[in-house]
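S.K.: Hey, dropping work06.txt in here, compact mmCIF, C-alpha atoms and all ligand atoms:
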```
# COMPACT_ATOMS: atom_id res chain seq x y z
CA MET A 297 47.16 6.64 -8.40
CA PRO A 298 44.92 8.55 -5.94
CA VAL A 299 41.76 6.66 -4.98
CA ASN A 300 38.43 8.30 -5.84
CA LEU A 301 35.27 6.41 -4.87
CA ARG A 302 32.82 9.26 -5.47
CA GLY A 303 29.56 8.03 -6.99
CA ARG A 304 30.46 4.34 -6.61
CA SER A 305 28.12 1.65 -5.28
CA LEU A 306 29.33 -1.10 -2.94
CA LEU A 307 27.56 -4.30 -3.97
CA THR A 308 30.44 -6.72 -3.32
CA LEU A 309 34.15 -6.28 -2.60
CA ARG A 310 34.82 -8.17 -5.87
CA ASP A 311 34.42 -4.77 -7.56
CA PHE A 312 37.00 -3.03 -5.34
CA THR A 313 40.77 -3.01 -5.73
CA THR A 314 43.27 -3.66 -2.94
CA GLU A 315 44.10 0.07 -2.89
CA GLU A 316 40.44 1.04 -2.63
CA ILE A 317 39.91 -1.35 0.28
CA HIS A 318 42.95 0.03 2.12
CA TYR A 319 41.73 3.55 1.40
CA LEU A 320 38.36 2.75 3.06
CA LEU A 321 40.10 1.12 6.04
CA ASN A 322 42.37 4.13 6.54
CA LEU A 323 39.47 6.54 6.21
CA SER A 324 37.57 4.46 8.81
CA LYS A 325 40.54 4.77 11.18
CA ASP A 326 40.57 8.56 10.74
CA LEU A 327 36.81 8.87 11.23
CA LYS A 328 36.99 6.68 14.35
CA ALA A 329 39.71 8.91 15.82
CA LYS A 330 37.67 12.00 14.91
CA LYS A 331 34.63 10.68 16.79
CA ARG A 332 36.77 9.64 19.78
CA ASN A 333 38.07 13.22 19.89
CA GLY A 334 34.51 14.53 20.06
CA ILE A 335 34.64 16.29 16.71
CA LYS A 336 31.21 16.66 15.08
CA GLY A 337 31.46 16.21 11.34
CA ASN A 338 29.76 17.78 8.34
CA LEU A 339 31.01 15.50 5.59
CA LEU A 340 27.48 14.29 4.85
CA GLU A 341 25.69 17.58 5.46
CA HIS A 342 22.59 18.13 3.27
CA LYS A 343 22.61 14.45 2.26
CA SER A 344 19.58 12.18 2.57
CA ILE A 345 20.02 8.46 2.93
CA CYS A 346 17.49 5.67 2.51
CA LEU A 347 17.83 2.45 4.52
CA LEU A 348 15.88 -0.39 2.94
CA PHE A 349 15.55 -3.52 5.05
CA GLU A 350 13.81 -6.73 3.97
CA LYS A 351 15.64 -8.79 6.64
CA THR A 352 16.12 -8.00 10.32
CA SER A 353 19.13 -6.08 11.64
CA THR A 354 20.59 -4.45 14.72
CA ARG A 355 24.19 -3.49 13.85
CA THR A 356 23.83 -2.57 10.18
CA ARG A 357 20.80 -0.36 10.61
CA CYS A 358 22.19 1.39 13.69
CA ALA A 359 25.63 1.77 12.11
CA PHE A 360 24.17 3.54 9.06
CA GLU A 361 21.93 5.76 11.20
CA VAL A 362 24.58 6.84 13.73
CA ALA A 363 27.23 7.27 11.03
CA ALA A 364 24.87 9.43 9.00
CA TYR A 365 23.91 11.62 11.98
CA ASP A 366 27.54 12.00 13.06
CA GLU A 367 28.38 13.60 9.72
CA GLY A 368 25.18 15.62 9.36
CA ALA A 369 22.97 13.48 7.05
CA ASN A 370 19.31 12.56 7.42
CA VAL A 371 18.03 9.00 7.08
CA THR A 372 14.75 7.25 6.27
CA PHE A 373 14.34 3.69 7.53
CA LEU A 374 12.06 1.82 5.12
CA THR A 375 10.68 -1.67 5.69
CA ASN A 376 7.05 -1.76 4.69
CA SER A 377 7.22 -0.03 1.31
CA GLN A 378 5.46 -0.89 -1.97
CA MET A 379 8.76 -2.39 -3.18
CA GLY A 380 8.37 -5.78 -4.79
CA LYS A 381 4.67 -6.01 -3.86
CA LYS A 382 2.98 -3.29 -5.89
CA GLU A 383 6.06 -1.68 -7.43
CA SER A 384 8.99 -3.26 -9.24
CA MET A 385 12.54 -2.90 -8.03
CA GLU A 386 13.36 -0.86 -11.12
CA ASP A 387 10.55 1.64 -10.49
CA THR A 388 11.37 1.76 -6.77
CA ALA A 389 15.01 2.50 -7.60
CA LYS A 390 14.01 5.30 -9.98
CA VAL A 391 11.77 6.89 -7.34
CA LEU A 392 14.23 6.60 -4.46
CA GLY A 393 17.05 7.92 -6.65
CA ARG A 394 15.05 11.18 -7.04
CA PHE A 395 14.79 11.61 -3.27
CA TYR A 396 18.05 10.32 -1.86
CA ASP A 397 21.80 10.74 -2.27
CA GLY A 398 22.53 7.12 -1.29
CA ILE A 399 20.56 3.92 -0.65
CA GLU A 400 21.39 0.99 1.61
CA TYR A 401 19.71 -2.33 0.87
CA ARG A 402 19.49 -5.48 3.01
CA GLY A 403 17.56 -8.41 1.64
CA PHE A 404 17.65 -11.68 -0.20
CA GLY A 405 18.88 -11.91 -3.81
CA GLN A 406 22.06 -10.19 -4.94
CA SER A 407 20.19 -9.43 -8.19
CA VAL A 408 17.86 -7.14 -6.23
CA VAL A 409 20.65 -4.88 -4.99
CA GLU A 410 22.16 -4.95 -8.49
CA THR A 411 18.85 -3.82 -10.01
CA LEU A 412 18.63 -1.03 -7.46
CA ALA A 413 22.15 0.14 -8.31
CA LYS A 414 21.48 -0.05 -12.04
CA HIS A 415 18.42 2.20 -11.92
CA ALA A 416 18.78 4.47 -8.87
CA GLY A 417 21.36 6.85 -10.34
CA VAL A 418 22.90 7.24 -6.85
CA PRO A 419 25.30 4.96 -4.90
CA VAL A 420 23.75 1.80 -3.47
CA TRP A 421 25.40 0.00 -0.55
CA ASN A 422 24.81 -3.69 0.09
CA GLY A 423 23.88 -4.13 3.76
CA LEU A 424 23.72 -7.96 3.30
CA THR A 425 22.23 -10.24 0.69
CA ASP A 426 22.14 -14.04 0.56
CA ASP A 427 25.50 -13.93 -1.27
CA TYR A 428 27.54 -11.08 0.17
CA HIS A 429 27.98 -8.84 3.22
CA PRO A 430 30.72 -6.43 2.10
CA THR A 431 30.33 -3.71 4.75
CA GLN A 432 30.91 -6.35 7.45
CA ILE A 433 34.28 -7.29 5.97
CA LEU A 434 35.62 -3.75 6.26
CA ALA A 435 34.71 -3.73 9.96
CA ASP A 436 36.31 -7.14 10.39
CA PHE A 437 39.58 -6.10 8.77
CA LEU A 438 39.73 -2.83 10.73
CA THR A 439 39.35 -4.96 13.88
CA VAL A 440 42.14 -7.29 12.76
CA MET A 441 44.37 -4.25 12.15
CA GLU A 442 43.67 -3.09 15.71
CA HIS A 443 44.21 -6.44 17.43
CA VAL A 444 46.80 -8.37 15.43
CA ASP A 445 50.28 -6.97 15.41
CA LYS A 446 50.94 -7.79 11.74
CA PRO A 447 50.04 -6.21 8.40
CA LEU A 448 46.91 -7.75 6.88
CA ASN A 449 48.91 -9.58 4.23
CA LYS A 450 50.80 -11.51 6.93
CA VAL A 451 47.68 -12.64 8.82
CA LYS A 452 46.44 -16.24 8.89
CA PHE A 453 42.64 -15.99 9.01
CA VAL A 454 40.58 -19.15 9.56
CA TYR A 455 36.84 -19.06 8.94
CA CYS A 456 35.01 -22.03 10.51
CA GLY A 457 31.50 -23.04 9.53
CA ASP A 458 29.22 -22.30 6.59
CA ALA A 459 31.87 -21.21 4.08
CA ARG A 460 29.41 -20.69 1.21
CA ASN A 461 27.14 -18.17 2.91
CA ASN A 462 27.36 -14.38 2.59
CA MET A 463 30.12 -14.21 5.24
CA GLY A 464 32.16 -17.11 3.87
CA ASN A 465 32.07 -15.66 0.36
CA SER A 466 32.79 -12.12 1.44
CA LEU A 467 35.64 -12.94 3.82
CA MET A 468 37.31 -15.03 1.12
CA ILE A 469 37.00 -12.13 -1.35
CA GLY A 470 38.32 -9.60 1.15
CA ALA A 471 41.18 -11.87 2.16
CA ALA A 472 42.15 -12.45 -1.47
CA LYS A 473 42.16 -8.71 -2.13
CA VAL A 474 44.35 -7.79 0.86
CA GLY A 475 46.73 -10.73 0.49
CA MET A 476 45.84 -12.78 3.59
CA HIS A 477 46.35 -16.46 4.22
CA PHE A 478 42.67 -17.45 4.27
CA VAL A 479 41.49 -20.90 5.30
CA ALA A 480 37.88 -22.05 5.16
CA LEU A 481 37.51 -24.87 7.70
CA ALA A 482 34.23 -26.46 6.69
CA PRO A 483 32.63 -29.64 5.38
CA LYS A 484 33.21 -29.89 1.66
CA SER A 485 29.50 -29.53 0.90
CA LEU A 486 29.65 -26.02 2.39
CA TRP A 487 32.71 -24.74 0.53
CA PRO A 488 32.10 -21.70 -1.70
CA ASN A 489 31.10 -21.86 -5.32
CA GLU A 490 34.00 -23.08 -7.50
CA ASP A 491 33.81 -20.18 -9.95
CA LEU A 492 34.15 -17.68 -7.13
CA VAL A 493 37.10 -19.64 -5.69
CA ALA A 494 38.80 -19.70 -9.11
CA GLU A 495 38.25 -15.94 -9.51
CA MET A 496 39.73 -15.26 -6.06
CA ARG A 497 42.72 -17.52 -6.73
CA GLN A 498 43.42 -15.32 -9.77
CA VAL A 499 43.26 -12.24 -7.53
CA ALA A 500 45.55 -14.01 -5.04
CA LYS A 501 48.24 -14.36 -7.71
CA TYR A 502 48.62 -10.58 -7.67
CA THR A 503 48.16 -9.90 -3.96
CA GLY A 504 50.14 -12.84 -2.56
CA ALA A 505 47.07 -14.27 -0.79
CA THR A 506 46.66 -17.98 -0.15
CA ILE A 507 43.17 -19.45 -0.27
CA ASP A 508 42.86 -22.89 1.34
CA PHE A 509 39.99 -25.22 2.19
CA SER A 510 40.08 -27.98 4.76
CA GLU A 511 37.95 -30.41 6.74
CA ASP A 512 40.83 -31.06 9.16
CA LEU A 513 40.73 -29.13 12.47
CA ASP A 514 44.54 -28.92 12.43
CA ALA A 515 44.13 -26.33 9.68
CA VAL A 516 43.83 -23.79 12.54
CA ILE A 517 47.47 -24.26 13.62
CA GLY A 518 49.20 -20.89 13.55
CA ALA A 519 45.96 -18.95 13.04
CA ASP A 520 45.92 -15.29 14.09
CA VAL A 521 42.14 -15.11 13.74
CA ILE A 522 39.40 -17.68 14.23
CA TYR A 523 36.11 -16.46 12.77
CA THR A 524 32.68 -18.03 12.71
CA ASP A 525 29.12 -17.14 11.77
CA VAL A 526 25.71 -18.68 12.43
CA TRP A 527 25.18 -22.15 11.02
CA VAL A 528 21.83 -21.17 9.53
CA SER A 529 21.56 -17.79 7.84
CA MET A 530 18.43 -15.67 7.58
CA GLY A 531 16.03 -17.31 5.13
CA GLU A 532 17.52 -20.81 5.57
CA GLU A 533 15.81 -21.75 8.83
CA HIS A 534 14.32 -24.90 7.22
CA LEU A 535 17.88 -26.31 6.94
CA PHE A 536 18.50 -26.21 10.68
CA GLU A 537 18.79 -29.94 11.45
CA GLU A 538 20.96 -30.69 8.42
CA ARG A 539 23.32 -27.82 9.27
CA VAL A 540 23.72 -28.81 12.90
CA LYS A 541 24.78 -32.30 11.84
CA LEU A 542 27.25 -30.93 9.31
CA LEU A 543 28.72 -28.16 11.39
CA LYS A 544 28.83 -29.47 14.95
CA PRO A 545 32.42 -30.75 14.50
CA TYR A 546 33.47 -27.21 13.50
CA GLN A 547 32.13 -25.46 16.61
CA VAL A 548 34.57 -22.84 17.92
CA ASN A 549 35.43 -23.97 21.45
CA MET A 550 38.49 -23.73 23.70
CA ASP A 551 39.93 -26.95 22.24
CA LEU A 552 39.90 -25.37 18.79
CA LEU A 553 41.51 -22.15 20.06
CA ASN A 554 44.20 -24.20 21.87
CA ARG A 555 44.80 -26.14 18.69
CA THR A 556 46.00 -22.90 17.00
CA LYS A 557 49.04 -22.98 19.35
CA ASN A 558 48.78 -19.18 19.37
CA ASP A 559 48.13 -17.68 22.82
CA ASN A 560 47.20 -14.39 21.17
CA VAL A 561 44.67 -15.78 18.70
CA ILE A 562 41.59 -13.59 18.43
CA PHE A 563 38.01 -14.79 18.06
CA MET A 564 35.66 -12.93 15.73
CA HIS A 565 31.98 -13.23 14.78
CA CYS A 566 29.82 -10.84 12.76
CA LEU A 567 26.99 -11.34 15.31
CA PRO A 568 24.32 -12.13 16.32
CA ALA A 569 25.76 -15.35 17.83
CA PHE A 570 24.18 -18.42 19.39
CA HIS A 571 26.48 -18.84 22.39
CA ASP A 572 23.86 -19.30 25.13
CA THR A 573 20.11 -19.69 25.64
CA MET A 574 19.36 -16.04 26.38
CA THR A 575 17.40 -15.51 23.17
CA GLU A 576 13.99 -16.79 22.01
CA VAL A 577 15.62 -18.86 19.28
CA GLY A 578 18.43 -20.07 21.55
CA ALA A 579 15.94 -21.18 24.19
CA GLU A 580 13.79 -22.92 21.58
CA ILE A 581 16.82 -24.82 20.23
CA ALA A 582 17.86 -25.83 23.75
CA GLU A 583 14.39 -27.17 24.47
CA LYS A 584 14.00 -29.01 21.17
CA TYR A 585 17.55 -30.31 20.61
CA GLY A 586 19.25 -30.02 23.99
CA MET A 587 21.97 -27.73 22.57
CA THR A 588 22.76 -24.69 24.69
CA GLU A 589 25.44 -23.24 22.40
CA MET A 590 26.00 -23.62 18.68
CA GLU A 591 28.72 -22.15 16.44
CA VAL A 592 30.72 -20.80 19.41
CA THR A 593 30.79 -21.78 23.06
CA ASP A 594 29.90 -19.24 25.70
CA GLU A 595 33.40 -19.73 27.14
CA VAL A 596 35.10 -18.59 23.92
CA PHE A 597 32.57 -15.83 23.28
CA ARG A 598 33.27 -14.28 26.69
CA SER A 599 37.00 -15.06 26.73
CA ILE A 600 39.94 -12.69 26.49
CA HIS A 601 40.38 -13.84 22.88
CA SER A 602 37.01 -12.47 21.84
CA VAL A 603 36.96 -9.08 20.10
CA VAL A 604 33.36 -9.31 18.90
CA PHE A 605 32.17 -6.04 20.43
CA ASP A 606 35.08 -4.04 19.04
CA GLU A 607 34.15 -5.62 15.71
CA ALA A 608 30.52 -4.56 16.17
CA GLU A 609 31.56 -0.98 16.96
CA ASN A 610 33.71 -0.90 13.86
CA ARG A 611 30.64 -1.50 11.69
CA MET A 612 29.76 2.12 12.38
CA HIS A 613 33.17 3.62 11.59
CA THR A 614 33.60 1.62 8.38
CA ILE A 615 30.06 2.25 7.14
CA LYS A 616 30.67 5.95 7.78
CA ALA A 617 33.80 5.72 5.63
CA ILE A 618 31.83 4.10 2.79
CA MET A 619 29.20 6.85 2.82
CA VAL A 620 31.77 9.64 3.13
CA ALA A 621 33.93 8.21 0.33
CA THR A 622 31.04 7.66 -2.10
CA ILE A 623 28.70 10.63 -1.48
CA GLY A 624 30.50 12.84 1.06
CA ASN A 625 31.68 16.46 0.86
CA LEU A 626 35.33 15.42 0.93
N1 LIG A 701 26.50 -8.33 11.62
C1 LIG A 701 25.33 -7.82 11.22
O1 LIG A 701 25.12 -7.56 10.03
O2 LIG A 701 24.47 -7.59 12.21
P1 LIG A 701 22.92 -7.20 12.04
O3 LIG A 701 22.24 -8.37 11.40
O4 LIG A 701 22.45 -6.92 13.43
O5 LIG A 701 22.83 -5.98 11.16
N1 LIG A 702 25.14 -15.27 7.59
C1 LIG A 702 24.33 -14.47 8.47
C2 LIG A 702 24.98 -13.15 8.70
C3 LIG A 702 24.25 -12.25 9.67
C4 LIG A 702 24.93 -10.94 9.88
C5 LIG A 702 22.94 -14.31 7.86
O1 LIG A 702 22.83 -14.03 6.68
O2 LIG A 702 21.96 -14.48 8.59
```
Go ahead and express the file in the form of structure tokens.
Ligand code: CP
Ligand code: NVA
M.R.:
Amino acid sequence: MPVNLRGRSLLTLRDFTTEEIHYLLNLSKDLKAKKRNGIKGNLLEHKSICLLFEKTSTRTRCAFEVAAYDEGANVTFLTNSQMGKKESMEDTAKVLGRFYDGIEYRGFGQSVVETLAKHAGVPVWNGLTDDYHPTQILADFLTVMEHVDKPLNKVKFVYCGDARNNMGNSLMIGAAKVGMHFVALAPKSLWPNEDLVAEMRQVAKYTGATIDFSEDLDAVIGADVIYTDVWVSMGEEHLFEERVKLLKPYQVNMDLLNRTKNDNVIFMHCLPAFHDTMTEVGAEIAEKYGMTEMEVTDEVFRSIHSVVFDEAENRMHTIKAIMVATIGNL
């Protein structure tokens, strides 16, 4: 059946079929090639897009802006609005839906982006909530397609770290949908919510995916991809000391990469990463706790295995595909 995503919101990949995810990945590939060939697009001409940010961002904001401009759309970046303070989410959604053809939201509760989508009357794209980060997963899988010489459903993908945060949840969902062998290598207290795991194991029955959880570092043996994310997500800063204790054994370092026994293993990270002390927060942590690198060592981050900047670039091509597929003049 042909895929048609026109008018759809992207709140979590749970709502998308395997075919729809592959459609978005293939469209991303085409749009990336189009940009590389210097072809200016008009697939979003006469469209206006609103970018709502309640948390900080570099990649997601810039990806939406550049993608929109590349295909002829206009954007408004909105951070200090009345939303939530003097105006409810429902009323905000109803107002923005009158102005814009599509709305991106980055913030805290998943319920907020759901309320927006329910009342806006136009597609809403989740640019990260506490629970999910679906646009990141498309960029991650496009990067795997480019760097691992196997179809996605033959890839062993190991996520190390906080497996119950937005990235852990979303990678597990994506992996289940495309039929990967997904392993969350994490302390049990940071494994994803059991209901979500059960739901994804149901999906896996149809796609051939395997969803495993382990506290044993040998779980990385045979991995094609080692992925990590920050130990403390935005909004959880108060949990810093507890997380460091829990996650230090799961740091991605050269020993862990060697343990995969795969010379071609790739290292991925959604970024930003704490791999040195060149940031305000990194320097503060070094001074207070004597740690100069956290979830990934500088050696791995800068190694030949690392594809993190290709991954970052792919945020733009995949976000463009989402906008084109849902509101574009296709
Ligand atoms: N990976 C990611 O979402 O990056 P930003 O926080 O910079 O948008
Ligand atoms: N888990 C991280 C992802 C950042 C892109 C956070 O929410 O801060």
S.K.: Step by step, measure atom-to-atom distances between ligand LIG 702 (chain A) and each residue using only C-alpha atoms and all ligand atoms, keep those at most 9 Å, then write them as a ChimeraX atom specification.
M.R.: /A:351-353,355-356,404,424-429,432,458,461-464,525-532,565-569
S.K.: Next, dump the selected residues to file, keeping only C-alpha atoms, as a PDB file, in the frame of the given file.
M.R.:
```
ATOM      1  CA  LYS A 351      15.640  -8.790   6.640  1.00  0.00           C
ATOM      2  CA  THR A 352      16.120  -8.000  10.320  1.00  0.00           C
ATOM      3  CA  SER A 353      19.130  -6.080  11.640  1.00  0.00           C
ATOM      4  CA  ARG A 355      24.190  -3.490  13.850  1.00  0.00           C
ATOM      5  CA  THR A 356      23.830  -2.570  10.180  1.00  0.00           C
ATOM      6  CA  PHE A 404      17.650 -11.680  -0.200  1.00  0.00           C
ATOM      7  CA  LEU A 424      23.720  -7.960   3.300  1.00  0.00           C
ATOM      8  CA  THR A 425      22.230 -10.240   0.690  1.00  0.00           C
ATOM      9  CA  ASP A 426      22.140 -14.040   0.560  1.00  0.00           C
ATOM     10  CA  ASP A 427      25.500 -13.930  -1.270  1.00  0.00           C
ATOM     11  CA  TYR A 428      27.540 -11.080   0.170  1.00  0.00           C
ATOM     12  CA  HIS A 429      27.980  -8.840   3.220  1.00  0.00           C
ATOM     13  CA  GLN A 432      30.910  -6.350   7.450  1.00  0.00           C
ATOM     14  CA  ASP A 458      29.220 -22.300   6.590  1.00  0.00           C
ATOM     15  CA  ASN A 461      27.140 -18.170   2.910  1.00  0.00           C
ATOM     16  CA  ASN A 462      27.360 -14.380   2.590  1.00  0.00           C
ATOM     17  CA  MET A 463      30.120 -14.210   5.240  1.00  0.00           C
ATOM     18  CA  GLY A 464      32.160 -17.110   3.870  1.00  0.00           C
ATOM     19  CA  ASP A 525      29.120 -17.140  11.770  1.00  0.00           C
ATOM     20  CA  VAL A 526      25.710 -18.680  12.430  1.00  0.00           C
ATOM     21  CA  TRP A 527      25.180 -22.150  11.020  1.00  0.00           C
ATOM     22  CA  VAL A 528      21.830 -21.170   9.530  1.00  0.00           C
ATOM     23  CA  SER A 529      21.560 -17.790   7.840  1.00  0.00           C
ATOM     24  CA  MET A 530      18.430 -15.670   7.580  1.00  0.00           C
ATOM     25  CA  GLY A 531      16.030 -17.310   5.130  1.00  0.00           C
ATOM     26  CA  GLU A 532      17.520 -20.810   5.570  1.00  0.00           C
ATOM     27  CA  HIS A 565      31.980 -13.230  14.780  1.00  0.00           C
ATOM     28  CA  CYS A 566      29.820 -10.840  12.760  1.00  0.00           C
ATOM     29  CA  LEU A 567      26.990 -11.340  15.310  1.00  0.00           C
ATOM     30  CA  PRO A 568      24.320 -12.130  16.320  1.00  0.00           C
ATOM     31  CA  ALA A 569      25.760 -15.350  17.830  1.00  0.00           C
TER      32      ALA A 569
END
```
S.K.: Atom CA of A:Gly624 to atom CA of A:Ala389: how many Å, to one decimal?
M.R.: 20.5 Å
S.K.: Pick out the closest residue to ligand LIG 701 (chain A) from this set: A:Asn610, A:Gln498, A:Asn625, A:Thr503. Count all atoms listed in the file.
M.R.: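 Distance minimum relative to ligand LIG 701 (chain A) lands on A:Asn610.
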S.K.: Quick one: of A:Val521, A:Leu306, A:Ala329, A:Val516, who's nearest to A:Asn422, counting all atoms listed in the file?
M.R.: A:Leu306
S.K.: Excluding same-chain residues fewer than 2 positions from stretch 479-487 of chain A, what lies within 7 Å of it counting all atoms listed in the file, as JSON, numbers by chain?
M.R.: {"A": [453, 454, 455, 456, 457, 458, 459, 460, 477, 489, 507, 508, 509, 510, 511, 542, 546]}
S.K.: Please, could all heavy atoms be added to stretch 324-332 of chain A and the result written as a PDB file, in the coordinates of the input?
M.R.:
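And here is the file that came out, part_31.pdb:
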```pdb
ATOM      1  N   SER A 324      38.322   4.910   7.623  1.00  0.00           N
ATOM      2  CA  SER A 324      37.570   4.460   8.810  1.00  0.00           C
ATOM      3  C   SER A 324      38.359   4.777  10.080  1.00  0.00           C
ATOM      4  O   SER A 324      37.797   5.228  11.086  1.00  0.00           O
ATOM      5  CB  SER A 324      37.330   2.952   8.780  1.00  0.00           C
ATOM      6  OG  SER A 324      36.764   2.558   7.569  1.00  0.00           O
ATOM      7  N   LYS A 325      39.657   4.506  10.018  1.00  0.00           N
ATOM      8  CA  LYS A 325      40.540   4.770  11.180  1.00  0.00           C
ATOM      9  C   LYS A 325      40.497   6.262  11.530  1.00  0.00           C
ATOM     10  O   LYS A 325      40.369   6.640  12.694  1.00  0.00           O
ATOM     11  CB  LYS A 325      41.971   4.370  10.800  1.00  0.00           C
ATOM     12  CG  LYS A 325      42.630   3.474  11.801  1.00  0.00           C
ATOM     13  CD  LYS A 325      43.846   2.776  11.262  1.00  0.00           C
ATOM     14  CE  LYS A 325      45.037   3.680  11.048  1.00  0.00           C
ATOM     15  NZ  LYS A 325      46.205   2.935  10.516  1.00  0.00           N
ATOM     16  N   ASP A 326      40.591   7.110  10.513  1.00  0.00           N
ATOM     17  CA  ASP A 326      40.570   8.560  10.740  1.00  0.00           C
ATOM     18  C   ASP A 326      39.227   9.010  11.315  1.00  0.00           C
ATOM     19  O   ASP A 326      39.166   9.821  12.238  1.00  0.00           O
ATOM     20  CB  ASP A 326      40.804   9.317   9.425  1.00  0.00           C
ATOM     21  CG  ASP A 326      42.213   9.107   8.895  1.00  0.00           C
ATOM     22  OD1 ASP A 326      43.063   8.576   9.647  1.00  0.00           O
ATOM     23  OD2 ASP A 326      42.450   9.450   7.715  1.00  0.00           O
ATOM     24  N   LEU A 327      38.143   8.458  10.767  1.00  0.00           N
ATOM     25  CA  LEU A 327      36.810   8.870  11.230  1.00  0.00           C
ATOM     26  C   LEU A 327      36.551   8.372  12.654  1.00  0.00           C
ATOM     27  O   LEU A 327      35.876   9.027  13.447  1.00  0.00           O
ATOM     28  CB  LEU A 327      35.735   8.344  10.267  1.00  0.00           C
ATOM     29  CG  LEU A 327      35.732   9.013   8.882  1.00  0.00           C
ATOM     30  CD1 LEU A 327      34.854   8.239   7.902  1.00  0.00           C
ATOM     31  CD2 LEU A 327      35.247  10.470   8.980  1.00  0.00           C
ATOM     32  N   LYS A 328      37.130   7.205  12.984  1.00  0.00           N
ATOM     33  CA  LYS A 328      36.990   6.680  14.350  1.00  0.00           C
ATOM     34  C   LYS A 328      37.717   7.604  15.326  1.00  0.00           C
ATOM     35  O   LYS A 328      37.174   7.962  16.384  1.00  0.00           O
ATOM     36  CB  LYS A 328      37.562   5.260  14.404  1.00  0.00           C
ATOM     37  CG  LYS A 328      37.404   4.575  15.742  1.00  0.00           C
ATOM     38  CD  LYS A 328      37.770   3.100  15.654  1.00  0.00           C
ATOM     39  CE  LYS A 328      37.573   2.404  16.990  1.00  0.00           C
ATOM     40  NZ  LYS A 328      37.790   0.944  16.904  1.00  0.00           N
ATOM     41  N   ALA A 329      38.927   8.016  14.954  1.00  0.00           N
ATOM     42  CA  ALA A 329      39.710   8.910  15.820  1.00  0.00           C
ATOM     43  C   ALA A 329      38.982  10.245  15.980  1.00  0.00           C
ATOM     44  O   ALA A 329      38.912  10.813  17.077  1.00  0.00           O
ATOM     45  CB  ALA A 329      41.097   9.119  15.227  1.00  0.00           C
ATOM     46  N   LYS A 330      38.401  10.721  14.876  1.00  0.00           N
ATOM     47  CA  LYS A 330      37.670  12.000  14.910  1.00  0.00           C
ATOM     48  C   LYS A 330      36.507  11.929  15.904  1.00  0.00           C
ATOM     49  O   LYS A 330      36.325  12.820  16.726  1.00  0.00           O
ATOM     50  CB  LYS A 330      37.148  12.272  13.490  1.00  0.00           C
ATOM     51  CG  LYS A 330      36.344  13.521  13.292  1.00  0.00           C
ATOM     52  CD  LYS A 330      35.995  13.646  11.806  1.00  0.00           C
ATOM     53  CE  LYS A 330      34.951  14.690  11.540  1.00  0.00           C
ATOM     54  NZ  LYS A 330      34.554  14.722  10.118  1.00  0.00           N
ATOM     55  N   LYS A 331      35.766  10.832  15.860  1.00  0.00           N
ATOM     56  CA  LYS A 331      34.630  10.680  16.790  1.00  0.00           C
ATOM     57  C   LYS A 331      35.129  10.557  18.237  1.00  0.00           C
ATOM     58  O   LYS A 331      34.565  11.157  19.147  1.00  0.00           O
ATOM     59  CB  LYS A 331      33.801   9.449  16.408  1.00  0.00           C
ATOM     60  CG  LYS A 331      32.539   9.314  17.266  1.00  0.00           C
ATOM     61  CD  LYS A 331      31.579   8.314  16.699  1.00  0.00           C
ATOM     62  CE  LYS A 331      30.464   7.995  17.680  1.00  0.00           C
ATOM     63  NZ  LYS A 331      29.200   8.652  17.373  1.00  0.00           N
ATOM     64  N   ARG A 332      36.206   9.799  18.426  1.00  0.00           N
ATOM     65  CA  ARG A 332      36.770   9.640  19.780  1.00  0.00           C
ATOM     66  C   ARG A 332      37.209  10.995  20.343  1.00  0.00           C
ATOM     67  O   ARG A 332      37.175  11.227  21.537  1.00  0.00           O
ATOM     68  CB  ARG A 332      37.984   8.697  19.744  1.00  0.00           C
ATOM     69  CG  ARG A 332      37.618   7.248  19.500  1.00  0.00           C
ATOM     70  CD  ARG A 332      37.338   6.548  20.821  1.00  0.00           C
ATOM     71  NE  ARG A 332      36.533   5.341  20.605  1.00  0.00           N
ATOM     72  CZ  ARG A 332      37.027   4.119  20.459  1.00  0.00           C
ATOM     73  NH1 ARG A 332      38.316   3.919  20.528  1.00  0.00           N
ATOM     74  NH2 ARG A 332      36.223   3.092  20.276  1.00  0.00           N
TER      75      ARG A 332
END
```
